[in-house]
Structure formats: C-alpha cells, structure tokens
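For reference, final_7.cif (mmCIF, C-alpha atoms):
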```cif
data_start
loop_
_atom_site.label_atom_id
_atom_site.label_comp_id
_atom_site.auth_asym_id
_atom_site.auth_seq_id
_atom_site.Cartn_x
_atom_site.Cartn_y
_atom_site.Cartn_z
CA MET A 291 132.38 45.53 -131.14
CA ILE A 292 129.15 47.38 -131.84
CA CYS A 293 128.52 51.08 -131.15
CA SER A 294 126.26 50.71 -128.11
CA GLU A 295 128.81 48.45 -126.47
CA CYS A 296 131.64 50.83 -127.30
CA ARG A 297 129.82 53.79 -125.77
CA THR A 298 129.10 51.89 -122.58
CA VAL A 299 132.75 51.09 -121.96
CA LEU A 300 134.18 54.31 -123.41
CA PRO A 301 134.43 56.07 -120.02
CA ALA A 302 136.26 53.10 -118.51
CA PHE A 303 138.47 53.06 -121.62
CA LEU A 304 139.40 56.69 -121.05
CA ASP A 305 139.92 56.03 -117.36
CA GLY A 306 142.35 53.22 -118.21
CA GLU A 307 140.21 50.73 -116.32
CA LEU A 308 139.59 48.22 -119.14
CA ASP A 309 141.54 45.03 -119.49
CA VAL A 310 143.93 44.86 -122.42
CA VAL A 311 141.66 42.77 -124.68
CA ARG A 312 138.72 45.13 -124.32
CA GLN A 313 140.99 48.11 -124.72
CA VAL A 314 142.24 46.86 -128.09
CA GLU A 315 138.65 46.18 -129.18
CA VAL A 316 137.66 49.76 -128.38
CA GLU A 317 140.69 51.15 -130.18
CA ASP A 318 139.83 49.10 -133.27
CA HIS A 319 136.23 50.25 -133.19
CA LEU A 320 137.17 53.92 -132.81
CA ARG A 321 139.38 53.73 -135.91
CA THR A 322 136.44 52.58 -138.01
CA CYS A 323 133.44 54.41 -136.46
CA ASP A 324 133.18 58.19 -136.95
CA ALA A 325 130.21 58.62 -134.58
CA CYS A 326 131.90 56.85 -131.68
CA SER A 327 135.16 58.59 -132.46
CA ARG A 328 133.48 62.00 -132.15
CA ILE A 329 132.04 61.06 -128.75
CA HIS A 330 135.47 59.82 -127.74
CA GLN A 331 137.00 63.17 -128.73
CA ALA A 332 134.31 65.11 -126.85
CA GLN A 333 134.74 63.09 -123.69
CA LEU A 334 138.47 63.54 -123.98
CA ALA A 335 138.00 67.31 -124.24
CA LEU A 336 135.74 67.43 -121.20
CA ARG A 337 138.26 65.44 -119.24
CA SER A 338 141.21 67.59 -120.16
CA THR A 339 139.27 70.71 -119.20
CA LEU A 340 138.32 69.19 -115.85
CA LYS A 341 141.94 68.24 -115.28
CA SER A 342 143.35 71.58 -116.43
CA GLY A 343 144.01 72.46 -112.80
CA GLU A 344 141.80 75.50 -112.64
CA LEU A 345 139.04 73.55 -110.91
CA TYR A 346 141.38 72.21 -108.26
CA PHE A 347 141.17 74.00 -104.91
CA ARG A 348 144.48 73.96 -103.10
CA ALA A 349 144.44 74.20 -99.32
CA PRO A 350 144.88 77.72 -97.92
CA VAL A 351 148.46 78.33 -96.77
CA ASP A 352 147.66 78.54 -93.07
CA LEU A 353 145.44 75.45 -92.93
CA GLU A 354 148.34 73.14 -92.16
CA ARG A 355 149.41 75.37 -89.26
CA LYS A 356 145.85 75.39 -87.90
CA ILE A 357 145.69 71.63 -88.07
CA ARG A 358 149.04 71.28 -86.34
CA MET A 359 147.93 73.58 -83.54
CA ALA A 360 144.58 71.83 -83.18
CA ALA A 361 146.28 68.45 -83.19
CA GLN A 362 148.86 69.30 -80.53
CA PRO A 363 147.05 68.19 -77.34
CA ALA A 364 145.63 65.05 -78.94
CA GLU A 365 148.98 64.10 -80.42
CA ARG A 366 150.68 64.45 -77.07
CA LYS A 367 147.97 62.45 -75.41
CA SER A 368 148.40 59.63 -77.87
CA MET A 369 152.13 59.52 -77.13
CA LEU A 370 151.56 59.07 -73.40
CA PRO A 371 152.02 55.30 -73.06
CA ARG A 372 155.32 55.22 -74.88
CA PRO A 373 158.35 54.36 -72.74
CA ARG A 374 161.78 56.03 -72.57
CA MET A 375 160.31 59.45 -72.09
CA PRO A 376 161.97 62.07 -69.87
CA ALA A 377 159.91 62.82 -66.76
CA TRP A 378 159.33 66.47 -67.64
CA ILE A 379 157.64 65.50 -70.91
CA GLY A 380 155.36 63.15 -68.99
CA ALA A 381 154.41 65.98 -66.67
CA SER A 382 153.69 68.36 -69.52
CA LEU A 383 151.74 65.66 -71.33
CA ALA A 384 149.60 65.14 -68.25
CA ALA A 385 149.05 68.88 -68.13
CA ALA A 386 148.17 68.90 -71.82
CA ALA A 387 145.70 66.07 -71.26
CA VAL A 388 144.06 68.02 -68.43
CA VAL A 389 143.92 71.06 -70.69
CA ALA A 390 142.36 69.04 -73.49
CA LEU A 391 139.74 67.71 -71.08
CA ALA A 392 139.02 71.17 -69.71
CA ILE A 393 138.46 72.49 -73.22
CA PHE A 394 136.36 69.49 -74.08
CA VAL A 395 133.90 70.06 -71.24
CA TRP A 396 133.77 73.79 -71.79
CA PRO A 397 130.15 74.11 -72.91
CA VAL A 398 130.11 77.72 -74.13
CA LEU A 399 132.06 76.89 -77.23
CA SER A 400 130.67 73.53 -78.08
CA ARG A 401 132.30 73.35 -81.51
CA PRO A 402 135.96 72.43 -81.18
CA SER A 403 136.93 74.48 -84.20
CA ARG A 404 135.43 77.60 -82.64
CA THR A 405 137.19 76.97 -79.35
CA GLU A 406 140.36 76.50 -81.29
CA ARG A 407 139.87 79.68 -83.29
CA ILE A 408 139.23 81.76 -80.21
CA ALA A 409 142.30 80.39 -78.45
CA GLN A 410 144.40 81.24 -81.51
CA ASP A 411 142.84 84.71 -81.70
CA VAL A 412 143.64 85.34 -78.04
CA VAL A 413 147.26 84.24 -78.40
CA SER A 414 147.72 86.31 -81.58
CA ALA A 415 146.11 89.39 -80.06
CA HIS A 416 148.21 89.06 -76.92
CA ILE A 417 151.46 88.76 -78.83
CA ARG A 418 150.53 91.64 -81.11
CA SER A 419 149.72 93.80 -78.09
CA LEU A 420 153.25 93.26 -76.76
CA MET A 421 154.80 94.74 -79.90
CA PRO A 422 155.92 98.35 -79.45
CA GLY A 423 153.04 100.83 -79.42
CA HIS A 424 150.24 98.26 -79.52
CA LEU A 425 149.51 97.70 -75.84
CA THR A 426 146.80 100.24 -75.07
CA ASP A 427 144.49 102.68 -76.80
CA VAL A 428 143.67 104.32 -73.52
CA PRO A 429 146.64 104.15 -71.11
CA SER A 430 145.31 104.65 -67.61
CA SER A 431 145.54 102.98 -64.23
CA GLU A 432 142.16 104.44 -63.32
CA HIS A 433 139.23 102.09 -64.02
CA HIS A 434 136.87 105.11 -63.99
CA THR A 435 138.76 106.37 -67.03
CA VAL A 436 139.10 103.06 -68.85
CA LYS A 437 135.51 101.84 -68.57
CA PRO A 438 133.80 104.93 -70.10
CA TRP A 439 136.39 105.01 -72.89
CA PHE A 440 134.77 101.92 -74.45
CA ALA A 441 131.37 103.65 -74.67
CA GLY A 442 130.46 104.22 -78.30
CA LYS A 443 133.29 101.93 -79.48
CA LEU A 444 131.69 98.61 -78.58
CA ASP A 445 128.10 97.40 -78.44
CA PHE A 446 128.52 96.43 -74.80
CA SER A 447 130.14 97.86 -71.69
CA PRO A 448 132.92 95.67 -70.31
CA PRO A 449 133.33 95.40 -66.54
CA VAL A 450 136.64 96.97 -65.47
CA ALA A 451 137.86 95.90 -62.06
CA ASP A 452 140.35 97.74 -59.88
CA LEU A 453 142.71 95.08 -58.56
CA SER A 454 145.61 97.31 -57.55
CA ALA A 455 145.22 96.39 -53.89
CA GLU A 456 145.83 92.75 -54.87
CA GLY A 457 148.93 93.62 -56.85
CA PHE A 458 147.44 93.64 -60.35
CA GLN A 459 147.86 97.16 -61.67
CA LEU A 460 145.53 98.32 -64.45
CA VAL A 461 147.62 99.59 -67.38
CA GLY A 462 144.83 100.57 -69.77
CA GLY A 463 142.33 99.40 -72.32
CA ARG A 464 142.31 98.66 -76.01
CA LEU A 465 139.97 97.60 -78.79
CA ASP A 466 140.84 94.27 -80.31
CA TYR A 467 139.33 91.60 -82.50
CA ALA A 468 138.81 87.98 -81.45
CA ALA A 469 136.10 85.31 -81.57
CA ASP A 470 134.94 86.87 -84.85
CA ARG A 471 133.98 90.17 -83.26
CA PRO A 472 135.36 93.36 -81.73
CA VAL A 473 136.27 92.78 -78.09
CA ALA A 474 137.43 94.83 -75.13
CA ALA A 475 141.01 94.19 -74.10
CA LEU A 476 141.98 95.24 -70.57
CA VAL A 477 145.66 95.27 -69.74
CA TYR A 478 146.96 94.57 -66.25
CA ARG A 479 150.47 94.31 -64.93
CA LYS A 480 151.92 92.23 -62.15
CA GLY A 481 155.57 93.00 -61.70
CA GLU A 482 157.13 92.55 -65.13
CA HIS A 483 154.26 90.39 -66.39
CA LEU A 484 151.50 91.80 -68.57
CA ILE A 485 148.02 90.28 -68.63
CA ASN A 486 145.50 90.76 -71.38
CA LEU A 487 141.90 90.26 -70.27
CA PHE A 488 139.56 89.97 -73.26
CA VAL A 489 135.84 90.50 -72.73
CA TRP A 490 132.98 90.09 -75.17
CA PRO A 491 129.25 89.31 -74.92
CA SER A 492 128.58 85.62 -74.49
CA ALA A 493 126.57 83.64 -76.98
CA SER A 494 125.43 81.46 -74.11
CA LYS A 495 123.29 82.40 -71.12
CA ARG A 496 124.89 79.70 -69.02
CA GLN A 497 127.75 80.33 -66.64
CA SER A 498 130.62 78.07 -67.45
CA PRO A 499 133.50 76.79 -65.38
CA GLU A 500 137.03 77.86 -66.04
CA ALA A 501 138.98 76.27 -68.87
CA ALA A 502 142.75 76.43 -69.02
CA ASP A 503 145.14 76.21 -71.91
CA ALA A 504 148.81 76.83 -72.57
CA ARG A 505 150.13 77.90 -75.95
CA GLN A 506 153.43 79.23 -77.19
CA GLY A 507 154.65 79.78 -73.65
CA TYR A 508 151.57 81.65 -72.45
CA ASN A 509 148.92 80.53 -70.02
CA LEU A 510 145.29 81.06 -70.97
CA LEU A 511 142.07 80.95 -68.99
CA PHE A 512 138.52 81.10 -70.31
CA TRP A 513 135.29 81.52 -68.44
CA THR A 514 131.78 82.88 -68.83
CA ARG A 515 130.07 85.08 -66.29
CA GLY A 516 127.19 87.53 -66.34
CA GLN A 517 126.51 87.04 -70.05
CA ALA A 518 130.08 87.85 -70.99
CA ASP A 519 132.91 85.61 -72.13
CA PHE A 520 136.30 86.26 -70.59
CA SER A 521 139.73 85.17 -71.63
CA ALA A 522 142.88 85.99 -69.69
CA ILE A 523 146.35 85.39 -71.13
CA SER A 524 149.77 86.09 -69.71
CA ASP A 525 153.28 84.79 -69.22
CA LEU A 526 152.44 84.67 -65.53
CA ASN A 527 152.52 81.16 -64.10
CA ALA A 528 149.23 79.28 -64.12
CA ALA A 529 148.62 79.67 -60.38
CA GLU A 530 149.02 83.45 -60.45
CA LEU A 531 146.87 83.76 -63.57
CA LYS A 532 144.20 81.73 -61.83
CA GLN A 533 144.45 84.06 -58.83
CA PHE A 534 143.94 86.98 -61.21
CA ALA A 535 140.93 85.31 -62.82
CA ASP A 536 139.40 84.56 -59.41
CA LEU A 537 139.76 88.22 -58.45
CA VAL A 538 138.17 89.38 -61.71
CA ARG A 539 135.30 86.94 -61.21
CA ALA A 540 134.78 88.22 -57.67
CA ARG A 541 134.41 91.77 -58.98
CA THR A 542 132.19 91.13 -62.02
CA MET B 80 154.22 83.59 -83.92
CA ASP B 81 155.29 80.80 -86.20
CA SER B 82 156.35 78.29 -83.59
CA GLN B 83 155.20 75.12 -85.30
CA PRO B 84 155.90 71.89 -83.51
CA PRO B 85 158.62 69.99 -85.39
CA PRO B 86 157.31 67.57 -88.05
CA SER B 87 158.24 64.51 -86.08
CA SER B 88 155.49 61.96 -86.22
CA ALA B 89 154.66 59.45 -88.89
CA PHE B 90 151.30 61.15 -89.17
CA ASP B 91 153.02 64.30 -90.44
CA GLN B 92 154.92 62.39 -93.11
CA VAL B 93 152.15 60.05 -94.19
CA VAL B 94 148.94 62.04 -93.92
CA LEU B 95 149.72 65.75 -94.04
CA PRO B 96 151.10 65.60 -97.61
CA HIS B 97 147.53 64.91 -98.75
CA LEU B 98 146.17 68.14 -97.32
CA ASP B 99 145.45 69.60 -100.77
CA ALA B 100 143.51 66.51 -101.80
CA ALA B 101 141.54 66.64 -98.55
CA TYR B 102 140.74 70.31 -98.97
CA ASN B 103 139.81 69.99 -102.64
CA LEU B 104 137.31 67.22 -101.87
CA ALA B 105 135.85 69.09 -98.88
CA ARG B 106 135.64 72.30 -100.89
CA TRP B 107 133.68 70.59 -103.66
CA LEU B 108 131.36 68.75 -101.29
CA THR B 109 130.61 71.71 -99.02
CA ARG B 110 130.89 74.23 -101.88
CA ASN B 111 132.37 76.77 -99.50
CA GLY B 112 135.94 77.59 -98.49
CA HIS B 113 135.31 78.33 -94.80
CA ASP B 114 133.21 75.24 -94.26
CA ALA B 115 135.77 73.17 -96.13
CA GLU B 116 138.51 74.36 -93.74
CA ASP B 117 136.41 73.44 -90.71
CA VAL B 118 135.58 70.04 -92.14
CA VAL B 119 139.21 69.32 -93.06
CA GLN B 120 140.39 70.25 -89.57
CA GLU B 121 137.80 67.96 -88.07
CA ALA B 122 138.74 65.19 -90.49
CA PHE B 123 142.45 65.50 -89.65
CA LEU B 124 141.74 65.29 -85.94
CA ARG B 125 139.68 62.17 -86.61
CA ALA B 126 142.48 60.80 -88.76
CA LEU B 127 144.94 61.45 -85.98
CA ARG B 128 142.73 59.55 -83.55
CA PHE B 129 142.36 56.62 -85.92
CA PHE B 130 145.96 56.69 -87.14
CA GLY B 131 146.83 53.73 -84.93
CA GLY B 132 144.44 51.69 -87.08
CA PHE B 133 146.19 52.65 -90.31
CA HIS B 134 148.60 49.90 -91.26
CA GLY B 135 150.31 51.28 -94.33
CA GLY B 136 148.84 51.14 -97.80
CA ASN B 137 147.12 53.98 -99.59
CA ALA B 138 147.25 56.93 -97.20
CA ARG B 139 145.51 59.29 -99.61
CA ALA B 140 142.48 57.04 -100.08
CA TRP B 141 142.42 56.33 -96.35
CA LEU B 142 142.41 60.04 -95.54
CA LEU B 143 139.91 60.94 -98.26
CA ALA B 144 137.46 58.37 -96.90
CA ILE B 145 137.64 60.13 -93.53
CA VAL B 146 137.28 63.54 -95.17
CA ARG B 147 134.31 62.32 -97.14
CA ASN B 148 132.62 60.99 -94.00
CA SER B 149 133.26 64.29 -92.24
CA CYS B 150 131.75 66.12 -95.22
CA TYR B 151 128.64 63.96 -95.12
CA ASP B 152 128.31 64.51 -91.36
CA TRP B 153 128.58 68.22 -92.02
CA LEU B 154 126.02 68.07 -94.84
CA ARG B 155 123.59 66.13 -92.65
CA ARG B 156 123.89 68.84 -90.02
CA ASN B 157 123.79 71.83 -92.30
CA ARG B 158 122.16 70.86 -95.57
CA PRO B 159 120.10 67.78 -94.76
CA SER B 160 118.10 68.10 -97.97
CA GLU B 161 121.21 67.30 -100.03
CA VAL B 162 121.85 63.97 -98.34
CA SER B 163 118.53 63.06 -96.74
CA ALA B 164 117.35 60.35 -99.14
CA PRO B 165 119.59 57.49 -100.24
CA PHE B 166 120.93 58.37 -103.65
CA ASP B 167 118.87 56.79 -106.40
CA GLU B 168 120.76 56.46 -109.68
CA GLU B 169 117.63 55.81 -111.71
CA ILE B 170 115.64 58.82 -110.51
CA HIS B 171 118.54 61.15 -111.03
CA SER B 172 119.46 59.78 -114.38
CA SER B 173 115.96 59.75 -115.84
CA ALA B 174 116.35 63.36 -116.90
CA VAL B 175 119.74 62.77 -118.41
CA ASP B 176 120.26 62.02 -122.06
CA PRO B 177 122.43 58.90 -121.88
CA ASP B 178 123.97 59.52 -125.26
CA PRO B 179 124.83 63.17 -125.70
CA THR B 180 126.44 64.09 -128.97
CA SER B 181 126.73 67.86 -128.88
CA GLU B 182 128.97 68.16 -125.86
CA ASP B 183 132.08 69.19 -127.71
CA LEU B 184 130.62 72.40 -129.04
CA LEU B 185 129.10 73.16 -125.65
CA LEU B 186 132.44 72.70 -124.02
CA GLU B 187 134.07 75.03 -126.50
CA GLN B 188 131.67 77.74 -125.53
CA ALA B 189 131.41 76.98 -121.85
CA GLY B 190 133.95 78.97 -119.91
CA ARG B 191 135.71 77.33 -117.04
CA HIS B 192 133.62 79.22 -114.51
CA ARG B 193 130.58 77.70 -116.16
CA LEU B 194 132.13 74.29 -115.82
CA ARG B 195 132.65 75.00 -112.13
CA ASP B 196 129.02 76.11 -111.72
CA ALA B 197 127.79 73.04 -113.58
CA LEU B 198 129.85 70.72 -111.39
CA GLU B 199 128.61 72.45 -108.24
CA ALA B 200 125.03 72.06 -109.40
CA LEU B 201 125.28 68.26 -109.57
CA PRO B 202 123.96 66.03 -106.77
CA VAL B 203 126.66 65.43 -104.20
CA ALA B 204 126.96 61.70 -105.04
CA TRP B 205 127.87 62.57 -108.64
CA ARG B 206 130.06 65.48 -107.66
CA GLU B 207 132.19 63.31 -105.39
CA VAL B 208 132.92 60.59 -107.95
CA LEU B 209 133.78 63.20 -110.59
CA VAL B 210 136.09 65.10 -108.25
CA LEU B 211 137.79 61.90 -107.08
CA ARG B 212 138.25 60.66 -110.64
CA GLU B 213 138.89 63.77 -112.73
CA LEU B 214 140.56 66.11 -110.28
CA GLU B 215 142.19 63.65 -107.92
CA GLY B 216 142.91 60.92 -110.47
CA LEU B 217 141.82 58.06 -108.23
CA SER B 218 141.30 54.61 -109.71
CA TYR B 219 137.86 52.96 -109.65
CA ARG B 220 139.08 50.72 -106.85
CA GLU B 221 140.16 53.72 -104.75
CA ILE B 222 136.91 55.58 -105.46
CA ALA B 223 134.94 52.51 -104.38
CA ASP B 224 136.89 52.46 -101.10
CA VAL B 225 136.58 56.19 -100.45
CA ALA B 226 132.88 56.46 -101.29
CA GLY B 227 131.96 53.10 -99.84
CA ILE B 228 130.30 51.80 -103.02
CA LYS B 229 130.86 48.81 -105.31
CA MET B 230 133.26 48.92 -108.25
CA GLY B 231 130.38 48.44 -110.67
CA THR B 232 128.54 51.34 -109.09
CA VAL B 233 131.61 53.54 -109.53
CA MET B 234 131.57 52.91 -113.27
CA SER B 235 127.84 53.49 -113.78
CA ARG B 236 127.75 56.46 -111.44
CA LEU B 237 130.69 58.10 -113.19
CA ALA B 238 128.99 57.61 -116.56
CA ARG B 239 125.78 59.19 -115.29
CA ALA B 240 127.66 61.94 -113.52
CA ARG B 241 129.48 62.88 -116.72
CA ALA B 242 126.25 62.82 -118.70
CA GLY B 243 124.69 64.94 -115.96
CA LEU B 244 127.55 67.39 -116.16
CA GLU B 245 127.17 67.71 -119.91
CA GLN B 246 123.44 68.16 -119.49
CA GLN B 247 124.08 70.85 -116.89
CA LEU B 248 126.45 72.64 -119.24
CA ALA B 249 123.78 72.52 -121.92
CA ILE B 250 121.20 74.02 -119.55
CA ASP B 251 123.59 76.73 -118.46
CA PHE B 252 124.46 77.51 -122.03
CA LYS B 253 120.88 77.77 -123.22
CA GLY B 254 120.05 79.80 -120.15
CA GLU B 255 122.38 82.62 -121.21
#
```
Can you present the structure in this file as structure tokens?
Amino acid sequence: MICSECRTVLPAFLDGELDVVRQVEVEDHLRTCDACSRIHQAQLALRSTLKSGELYFRAPVDLERKIRMAAQPAERKSMLPRPRMPAWIGASLAAAAVVALAIFVWPVLSRPSRTERIAQDVVSAHIRSLMPGHLTDVPSSEHHTVKPWFAGKLDFSPPVADLSAEGFQLVGGRLDYAADRPVAALVYRKGEHLINLFVWPSASKRQSPEAADARQGYNLLFWTRGQADFSAISDLNAAELKQFADLVRART
Amino acid sequence: MDSQPPPSSAFDQVVLPHLDAAYNLARWLTRNGHDAEDVVQEAFLRALRFFGGFHGGNARAWLLAIVRNSCYDWLRRNRPSEVSAPFDEEIHSSAVDPDPTSEDLLLEQAGRHRLRDALEALPVAWREVLVLRELEGLSYREIADVAGIKMGTVMSRLARARAGLEQQLAIDFKGE
C-alpha cells in the first residue's frame, strides 16, 4: 500500500468500516511509514476529543414529560380502532379526539408547540394558585377594586366582569406568568369550584372560536376576543365552564 | 403536577429511549437549545404518527432520520440560507487542505469550547455526518439511511468534514 492510498482509507480504517484484508494492509503500512502514522495518531486524537462526551448534548430533564403530554391526544386517537376496550375509554377517546381537533383549528396559536406550552402554563399556574396563599394578590369580590389594581402592573388593562348574578362570584385578581409573558389572572368561584381566568393581549387581530382541552382532571377553554387571549380553567364540569366562558364573552 | 401517563405503549419502549440522541442531533443542527426542544417535540409527534409504519429494526436510525428531516424543515423556515442550495462537496472542499499534517498540535492547544465553535461553524451537511459518526457512533450504513445519501458519499463527506473541522480549528487558533 502506498501513502496516498493509505490516507484515503484511513478515516474508514478508524471508523472500522474497512474489510479485513484492507484493514491488515493499512496496519502493515502504518508500522513502516512515519508520516502516515503521525496522521493516524492525529486523527485518533481528534476523534477521542470529539467522543470525550463534553460535546454531547443530553436532552433536558423535562423534555420527555413535554413530549408525553404533547403526545397524549394523538396517542389516544391512534388507539381508537382497537377492540376489547371498555366503553368509558371509548367515550373519553372520542372527547380527546374532539379536543385535538379543536386545538388543531384554533388559529391564534398556529404552532402546535406554542399551543402546547400555553396549555401547560395554564394548568401549572392554576394548580399553583390552589396551593395555600397563592390564590389572589388582590382579594376582592368587587370588580371596581380588582380592575384598577392591575394598573401599573401590566402593560394592558384586563376586562373584569361581574358575574355574581349568574352565580360566579369574583374572588380576586393576581399577577401570573403564562404564554411567555405576564398575564392577569382573575379568580371566580362557583360553589366549591374555583375558576382561573387568564387574560393577556392577543398576538392576533382575529377573533377565534373557542377551543377546549382537558388535562390532569381540569377543563380548559381558550378563546380570543377584543384583541385579548383568554383561557379559563377549573375543576368545574365542561358544560358549566362553557357557561362561564359564554358569560365572560358577553361582558367583554 | 407529575401525573405522567403510564409508559404503556411500544412507542415508549422503542423510541423514547433515544431521546438523548434525538436532542443531541437537533441541538447540533439548530445550534440552539430552545429550538432543538421544539424540533424534537415535533419530530416525536411525527414519529408517533408514523410508528405504525415502523416494523422493527434500528429504532435509533429510524428516529434520527425523522429528527433530521424535522431539523431541515425548521432550517428551511428559519435559516433558509443554510440549506437553500443543494450541498456541493467540491465547492465546499476547495478551500480545504485535503492533507493536513499539523492537526495534532492544533488540537493540543484548542480547548474543547473551541472544538465546539469549530464544529458549529461547519456547513450543516458536514456537521450532521460528524455528529452522527463521532458523537452518536453510527455506522456508515446507518448514516447513509439517516441522511438519505449513498454509502460512498458518507465516506467522502466525512473525510471532507473532518478536514474542514481541522481547517476551522486552525483558523480559530490563528485568529486568537
């Protein structure tokens, strides 16, 4: 084997991709040729540095969880045709499919990953708000008190509706963070059920229809109106949450 | 908060174990952690959709091909200049010394962060074969499948990519 030939196949030699005959030829040549041997050593060094592990990016710890959550509706949908399934799973799968469709046609958040992020943010913020002492920054059943409280704290003024006559009692307001920005959180109560209504300026000028979702036992609704995005979340049943959303829409 | 659905499906057992490989490839091709996460999520949802078409075999290469396609879609949307023209080995390799001899001393002096910078500075077609080979340890056959190129192209592209990397290290080093 001559030098030029050796150098051409050296990478494949190091990658273990040469057949045995060629491999032996290279080994023989390297024993007798200093120049090629030096190149071999250098390539070996580069390789071991590349492989040292410090250039390898491991997935962030919560990426798997995000993927699992994002995959949930699709996974359920794909399981639909399988037999031997209890009826209640079928019903919830149908619901999940409807939810997936609703999210899909929701034009405000055209990127699925953004939709997904916001839904996660809303669920996280809702659960956090239920922990002791986190529910409200301004506890008041008076919308004339809650609305001005946000002035100077947000770059927009959220609409605060009085729905007490319809059985949804205002509990107060709170600053929160979702959809990659500070948002207004309005807390309402119906009986023992708390509702968080998140409001933030919309990126889209279009009005969008309602989109529904259900995660971790909570019902969620999203809609856009009057240049603001709204998201309502509660452990209320879907029908009552929709009634709440309809009332809010009628007042904003 | 942490109510994960139980790891029941075959998808979880076959595909999810390769999450690190998927992220590493996406991170090197997008050169950004946030974008890599978005791309990997998208790729996994695609993989889930196509999982019915996966009939055993090399799950890692199968997944990485999907991740790679998602990365290229992302690049076309966000950095079209990086992927606009078909990759031309000859043009890119004309500036590269095909027979470098001083790489060992450069490597000694090049810190690992410099190696990272040099790898990031390479054209995406070189970066992907290097990452698949050196970091992921894929065989030429697997790389050919993932990148959608011929075996012979894998070998020549890897050679040029390595020479390009050494060249880049030399430039970085002289630039100090």
(request) Residues of chain A no more than 6 Å from chain B, counting only C-alpha atoms: send them over as a PyMOL selection string. (result) chain A and resi 332+341+347-349+357
(request) List, as a VMD selection string, every residue that the PyMOL selection byres ((chain A and resi 460) around 7) selects in the file provided. (result) chain A and resid 431 452 454 458 to 459 461 to 462 477 to 479
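What the PyMOL selection byres ((chain A and resi 497) around 6) matches in the given file is Arg496, Ser498, Thr514 and Arg515 of chain A.
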(request) Output the residue selection produced by the PyMOL selection byres ((chain B and resi 148-152) around 7) on the file above, formatted as an MDAnalysis selection string. (result) chainID B and resid 105 108:109 118 122 144:147 153:156
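Of the listed residues (A:Ser430, A:Glu354, A:Asn486, A:Asp411), A:Glu354 comes nearest to B:Val94; the distances count only C-alpha atoms.
The two atoms in question, atom CA of B:Leu211 and atom CA of B:Glu199, are spaced 14.0 Å apart.
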(message) Applying 12 Å and all atoms listed in the file, which residues near A:Asp470 remain after dropping the ones on its own chain fewer than 2 positions away? List them as a list in words.
(response) Arg404, Thr405, Arg407, Ile408, Ala409, Gln410, Asp411, Val412, Asp466, Tyr467, Ala468, Pro472, Val473, Trp490, Pro491 and Ala493 of chain A
(message) Just to confirm, what's the straight-line distance from atom CA of A:His319 to atom CA of A:Thr298 in Å (one decimal)?
(response) 12.9 Å
(request) Record the distance separating atom CA of A:Gly457 and atom CA of A:Ala528, expressed in Å with one decimal. (result) 16.1 Å
(message) Nearest residue to B:Asp224 out of B:Ala140, B:Ala89, B:Ala126, B:Leu248, using all atoms listed in the file?
(response) B:Ala140
